[in-house]
Amino acid sequence: MEEKRIHRAYWRGEELVVESSQGTFTLESGDGIKALKANRVSLPGNLGGGEAPMFVGDTSRRMALIQERISGPRD
């Protein structure tokens, strides 16, 4: 069975876009913040379900994504 991994995450408007080894999906802002804070995301059923860690060893990127959403868009 293939390990479930997150390759990239970024904000697009009010949604967190998550690119995983199973495919790409989006989370609403509140769910995105929760996933980033927990450093885990639940994969949708159409991508095999289950959970995957958001970031491994890259806490600065995870914290920057949280801060970006809390602070709002930058000029």
# chains A, B, ... in the order shown; residues from 1 in each chain; ligands from 1
call {"tool": "residues_around", "arguments": {"residues": "segment 40-54 of chain A", "least_positions_apart": "2", "cutoff": "9 Å", "atoms": "only C-alpha atoms", "output": "ChimeraX atom specification"}}
result
/A:3-9,18,20,22-25,32,34-38,56,62
call {"tool": "residues_around", "arguments": {"residues": "Leu16 of chain A", "least_positions_apart": "4", "cutoff": "8 Å", "atoms": "only C-alpha atoms", "output": "ChimeraX atom specification"}}
result
/A:9-12,26-29,32
call {"tool": "select_by_dssp", "arguments": {"residues": "chain A", "states": "strand (DSSP E)", "output": "CSV table (one decimal) with N, CA and C atoms, in the first residue's frame"}}
result
chain,number,residue,atom,x,y,z
A,6,ILE,N,1.6,14.3,1.9
A,6,ILE,CA,1.2,15.6,1.4
A,6,ILE,C,2.4,16.2,0.8
A,7,HIS,N,2.3,16.6,-0.5
A,7,HIS,CA,3.4,17.2,-1.2
A,7,HIS,C,3.5,18.7,-1.1
A,8,ARG,N,2.3,19.3,-1.0
A,8,ARG,CA,2.2,20.8,-1.1
A,8,ARG,C,0.9,21.3,-0.5
A,9,ALA,N,0.9,22.4,0.2
A,9,ALA,CA,-0.3,23.1,0.6
A,9,ALA,C,-0.2,24.6,0.5
A,10,TYR,N,-1.2,25.2,0.1
A,10,TYR,CA,-1.2,26.7,-0.1
A,10,TYR,C,-2.6,27.2,-0.1
A,11,TRP,N,-2.8,28.5,0.2
A,11,TRP,CA,-4.1,29.1,0.2
A,11,TRP,C,-4.4,29.6,-1.2
A,12,ARG,N,-5.7,29.4,-1.6
A,12,ARG,CA,-6.2,29.9,-2.8
A,12,ARG,C,-7.6,30.5,-2.4
A,15,GLU,N,-9.8,29.0,0.6
A,15,GLU,CA,-9.6,27.5,0.7
A,15,GLU,C,-8.1,27.1,0.8
A,16,LEU,N,-7.8,26.1,1.6
A,16,LEU,CA,-6.5,25.5,1.6
A,16,LEU,C,-6.4,24.4,0.6
A,17,VAL,N,-5.6,24.6,-0.4
A,17,VAL,CA,-5.4,23.5,-1.4
A,17,VAL,C,-4.3,22.6,-1.0
A,18,VAL,N,-4.6,21.3,-1.0
A,18,VAL,CA,-3.7,20.3,-0.5
A,18,VAL,C,-3.4,19.3,-1.6
A,19,GLU,N,-2.1,19.2,-2.0
A,19,GLU,CA,-1.7,18.3,-3.0
A,19,GLU,C,-1.1,17.1,-2.3
A,20,SER,N,-1.7,15.9,-2.5
A,20,SER,CA,-1.2,14.7,-1.9
A,20,SER,C,-0.8,13.7,-2.9
A,24,THR,N,-5.4,16.0,-5.5
A,24,THR,CA,-5.5,17.3,-5.0
A,24,THR,C,-6.9,17.5,-4.5
A,25,PHE,N,-7.0,18.2,-3.3
A,25,PHE,CA,-8.4,18.5,-2.8
A,25,PHE,C,-8.3,19.8,-2.0
A,26,THR,N,-9.4,20.4,-1.6
A,26,THR,CA,-9.4,21.7,-0.9
A,26,THR,C,-10.1,21.5,0.4
A,27,LEU,N,-9.8,22.4,1.4
A,27,LEU,CA,-10.4,22.4,2.7
A,27,LEU,C,-10.9,23.9,2.9
A,28,GLU,N,-12.1,24.0,3.4
A,28,GLU,CA,-12.6,25.4,3.8
A,28,GLU,C,-11.6,26.0,4.8
A,40,ARG,N,-2.1,17.3,10.7
A,40,ARG,CA,-2.7,16.1,10.1
A,40,ARG,C,-3.9,16.5,9.3
A,41,VAL,N,-4.1,15.8,8.2
A,41,VAL,CA,-5.3,16.1,7.4
A,41,VAL,C,-6.0,14.8,7.1
A,42,SER,N,-7.3,14.8,7.1
A,42,SER,CA,-8.1,13.7,6.7
A,42,SER,C,-8.3,13.7,5.2
A,51,GLU,N,-5.7,9.3,7.0
A,51,GLU,CA,-5.1,10.6,7.4
A,51,GLU,C,-3.7,10.6,6.9
A,52,ALA,N,-3.1,11.8,6.8
A,52,ALA,CA,-1.7,12.0,6.4
A,52,ALA,C,-1.2,13.2,7.2
A,53,PRO,N,0.1,13.1,7.6
A,53,PRO,CA,0.7,14.3,8.2
A,53,PRO,C,0.9,15.4,7.2
call {"tool": "residues_around", "arguments": {"residues": "Ile70 of chain A", "least_positions_apart": "4", "cutoff": "9 Å", "atoms": "only C-alpha atoms", "output": "ChimeraX atom specification"}}
result
/A:33,65-66
call {"tool": "write_last_selection", "arguments": {"atoms": "N, CA and C atoms", "output": "mmCIF file, in the first residue's frame"}}
result
data_model
loop_
_atom_site.group_PDB
_atom_site.id
_atom_site.type_symbol
_atom_site.label_atom_id
_atom_site.label_comp_id
_atom_site.auth_asym_id
_atom_site.auth_seq_id
_atom_site.Cartn_x
_atom_site.Cartn_y
_atom_site.Cartn_z
ATOM 1 N N ILE A 33 -7.219 25.514 8.780
ATOM 2 C CA ILE A 33 -6.487 25.956 9.974
ATOM 3 C C ILE A 33 -6.381 24.808 10.977
ATOM 4 N N LEU A 65 1.765 29.307 6.918
ATOM 5 C CA LEU A 65 0.422 29.146 6.357
ATOM 6 C C LEU A 65 -0.651 29.524 7.379
ATOM 7 N N ILE A 66 -0.447 29.146 8.633
ATOM 8 C CA ILE A 66 -1.393 29.524 9.694
ATOM 9 C C ILE A 66 -1.404 31.038 9.849
#
call {"tool": "select_by_dssp", "arguments": {"residues": "chain A", "states": "helix (DSSP H, G or I)", "output": "PyMOL selection string"}}
result
chain A and resi 29-38+45-47+59-71
call {"tool": "write_last_selection", "arguments": {"atoms": "C-alpha atoms", "output": "CSV table (one decimal), in the first residue's frame"}}
result
chain,number,residue,atom,x,y,z
A,29,SER,CA,-10.6,28.0,5.8
A,30,GLY,CA,-11.6,26.8,9.3
A,31,ASP,CA,-10.9,23.1,8.4
A,32,GLY,CA,-7.6,24.1,6.8
A,33,ILE,CA,-6.5,26.0,10.0
A,34,LYS,CA,-7.5,23.0,12.1
A,35,ALA,CA,-5.5,20.6,9.9
A,36,LEU,CA,-2.5,22.9,9.9
A,37,LYS,CA,-2.6,23.2,13.7
A,38,ALA,CA,-2.9,19.5,14.2
A,45,GLY,CA,-13.0,9.3,0.5
A,46,ASN,CA,-12.5,9.6,-3.2
A,47,LEU,CA,-8.8,9.8,-2.5
A,59,THR,CA,7.2,23.5,10.8
A,60,SER,CA,8.2,27.0,9.6
A,61,ARG,CA,6.1,26.5,6.4
A,62,ARG,CA,3.2,25.2,8.4
A,63,MET,CA,3.4,28.1,10.8
A,64,ALA,CA,3.6,30.6,7.9
A,65,LEU,CA,0.4,29.1,6.4
A,66,ILE,CA,-1.4,29.5,9.7
A,67,GLN,CA,-0.1,33.1,10.1
A,68,GLU,CA,-1.1,34.0,6.6
A,69,ARG,CA,-4.7,33.0,7.2
A,70,ILE,CA,-4.9,34.7,10.6
A,71,SER,CA,-3.3,37.9,9.4
